[in-house]
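Written out below as structure tokens is the structure these notes cover.
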Amino acid sequence: MAVELNGNDKAIREILENATVIAVVGISNDHYYTSYQVANYLQEKGYLIYPVNPNIDDVDGHRSYPSLSAVPAPVDIVNVFRKSDYLSEIVDEAIAIGAKTVWAQLDVVDDAAVKKALAAGLNIATNLCIRTEHERLKIAPKKRG
């Protein structure tokens with residue numbers, strides 16, 4: 001059953017402990033941007049990160065994909081670093097690829113997109129930093145194969 005993650009530590013913990021693949025939509029290849037720093041942190045914690053940004057070719061040598069549908073693996077979490085205006089469209093893409101969770105970063109909020117995600121069976125967080133939650137809940141790093 002899909003859940004709204006805001007304020008639900010148990011669900012957040014379960015999702016972060018069980019996820020392995022995170023697509024970061026709106027990632028920057030500039031080390032000074034939060035999207036880059038958060039993706040780097042998640043990668044250091046053992047998640048497989050797929051950069052999604054049609055305006056850049058790569059992030060530190062890792063290919064950047066133009067859309068979620070171009071990501072060559074099943075996605076557990078779609079981490080969104082785009083303006084709120086784009087969230088509904090990203091939820092549509094997440095539904096289309098069968099993602100499990102949409103995680104919209106700080107200041108990314110759209111109530112209609114939340115309702116759409118939940119109705120389609122996706123977990124969703126809005127206006128919440130995935131790195132902050134990972135650190136706050138002291139989620140253990142992934143064990144590498």
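By convention here, the chains of the structure tokens are called A, B, ... in the order presented, each chain's residues are numbered starting at 1, and ligands are numbered starting at 1 in the order presented.
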Margin query: If we count only C-alpha atoms and set the cut-off at 9 Å, which residues sit around Val80 in chain A, ignoring sequence neighbours fewer than 6 positions away in its own chain? Please answer as an MDAnalysis selection string.
Written below: chainID A and resid 23:27 35 87 90 102:105 108
Prev. selection, C-alpha atoms, output as an mmCIF file, in the first residue's frame:
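Result saved to part-v9.cif:
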data_model
loop_
_atom_site.group_PDB
_atom_site.id
_atom_site.type_symbol
_atom_site.label_atom_id
_atom_site.label_comp_id
_atom_site.auth_asym_id
_atom_site.auth_seq_id
_atom_site.Cartn_x
_atom_site.Cartn_y
_atom_site.Cartn_z
ATOM 1 C CA ALA A 23 17.332 8.044 -10.092
ATOM 2 C CA VAL A 24 18.204 11.676 -9.326
ATOM 3 C CA VAL A 25 16.090 13.927 -11.547
ATOM 4 C CA GLY A 26 17.501 17.401 -12.034
ATOM 5 C CA ILE A 27 20.983 16.503 -10.839
ATOM 6 C CA SER A 35 21.653 17.808 -6.038
ATOM 7 C CA LEU A 87 6.506 17.304 -10.021
ATOM 8 C CA ILE A 90 7.773 13.478 -12.989
ATOM 9 C CA VAL A 102 8.948 9.566 -5.517
ATOM 10 C CA TRP A 103 10.989 11.698 -3.151
ATOM 11 C CA ALA A 104 10.702 15.441 -3.782
ATOM 12 C CA GLN A 105 13.439 17.501 -2.150
ATOM 13 C CA VAL A 108 9.230 20.812 -3.980
#
Item checked: Close residues, Ala113 in chain A itself excluded, 6 Å, only C-alpha atoms, min 3 positions apart in chain, as JSON, numbers by chain -> {"A": [88, 110, 116]}
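The smallest atom-to-atom distance between Lys142 in chain A and any of A:Gln43, A:Asn123, A:Ser28, A:Asn6, using only C-alpha atoms, is found for A:Gln43.
Remark: for His134 in chain A, the closest of the candidate residues A:Leu118, A:Leu5, A:Ile12, A:Ala99 is A:Ile12 (distances computed over only C-alpha atoms).
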Check: Out of range 8-141 of chain A, which residues get alpha helix (DSSP H) from DSSP, as number ranges by chain?
Finding: A: 9-18, 34-44, 87-97, 111-119, 130-136
Could the residues in this selection be saved with C-alpha atoms as a compact mmCIF listing (two decimals), in the first residue's frame?
# COMPACT_ATOMS: atom_id res chain seq x y z
CA ASP A 9 9.63 7.50 10.18
CA LYS A 10 8.77 3.80 10.03
CA ALA A 11 7.91 3.97 6.31
CA ILE A 12 10.92 6.18 5.53
CA ARG A 13 13.24 3.73 7.28
CA GLU A 14 11.73 0.76 5.44
CA ILE A 15 12.08 2.46 2.05
CA LEU A 16 15.65 3.65 2.61
CA GLU A 17 16.74 0.27 3.98
CA ASN A 18 15.20 -1.69 1.08
CA THR A 34 22.86 20.36 -3.47
CA SER A 35 21.65 17.81 -6.04
CA TYR A 36 25.24 16.76 -6.71
CA GLN A 37 26.12 16.62 -3.01
CA VAL A 38 23.05 14.57 -2.06
CA ALA A 39 23.59 12.11 -4.93
CA ASN A 40 27.25 11.76 -3.95
CA TYR A 41 26.28 11.09 -0.33
CA LEU A 42 23.76 8.43 -1.38
CA GLN A 43 26.33 6.79 -3.65
CA GLU A 44 28.82 6.72 -0.76
CA LEU A 87 6.51 17.30 -10.02
CA SER A 88 3.24 16.11 -11.59
CA GLU A 89 5.01 15.31 -14.87
CA ILE A 90 7.77 13.48 -12.99
CA VAL A 91 5.18 11.47 -11.06
CA ASP A 92 3.68 10.45 -14.43
CA GLU A 93 7.13 9.28 -15.60
CA ALA A 94 7.72 7.44 -12.31
CA ILE A 95 4.38 5.64 -12.71
CA ALA A 96 5.25 4.74 -16.32
CA ILE A 97 8.57 3.12 -15.35
CA ASP A 111 -0.67 18.40 -3.57
CA ALA A 112 -2.23 17.16 -6.82
CA ALA A 113 0.97 15.26 -7.66
CA VAL A 114 0.91 13.66 -4.20
CA LYS A 115 -2.68 12.48 -4.73
CA LYS A 116 -1.79 11.16 -8.19
CA ALA A 117 1.22 9.25 -6.88
CA LEU A 118 -0.70 7.68 -4.00
CA ALA A 119 -3.61 6.72 -6.28
CA ILE A 130 16.51 12.33 1.53
CA ARG A 131 20.04 12.85 2.86
CA THR A 132 18.82 14.56 6.03
CA GLU A 133 16.33 11.75 6.66
CA HIS A 134 18.96 9.08 5.97
CA GLU A 135 21.31 10.71 8.48
CA ARG A 136 18.61 11.46 11.07
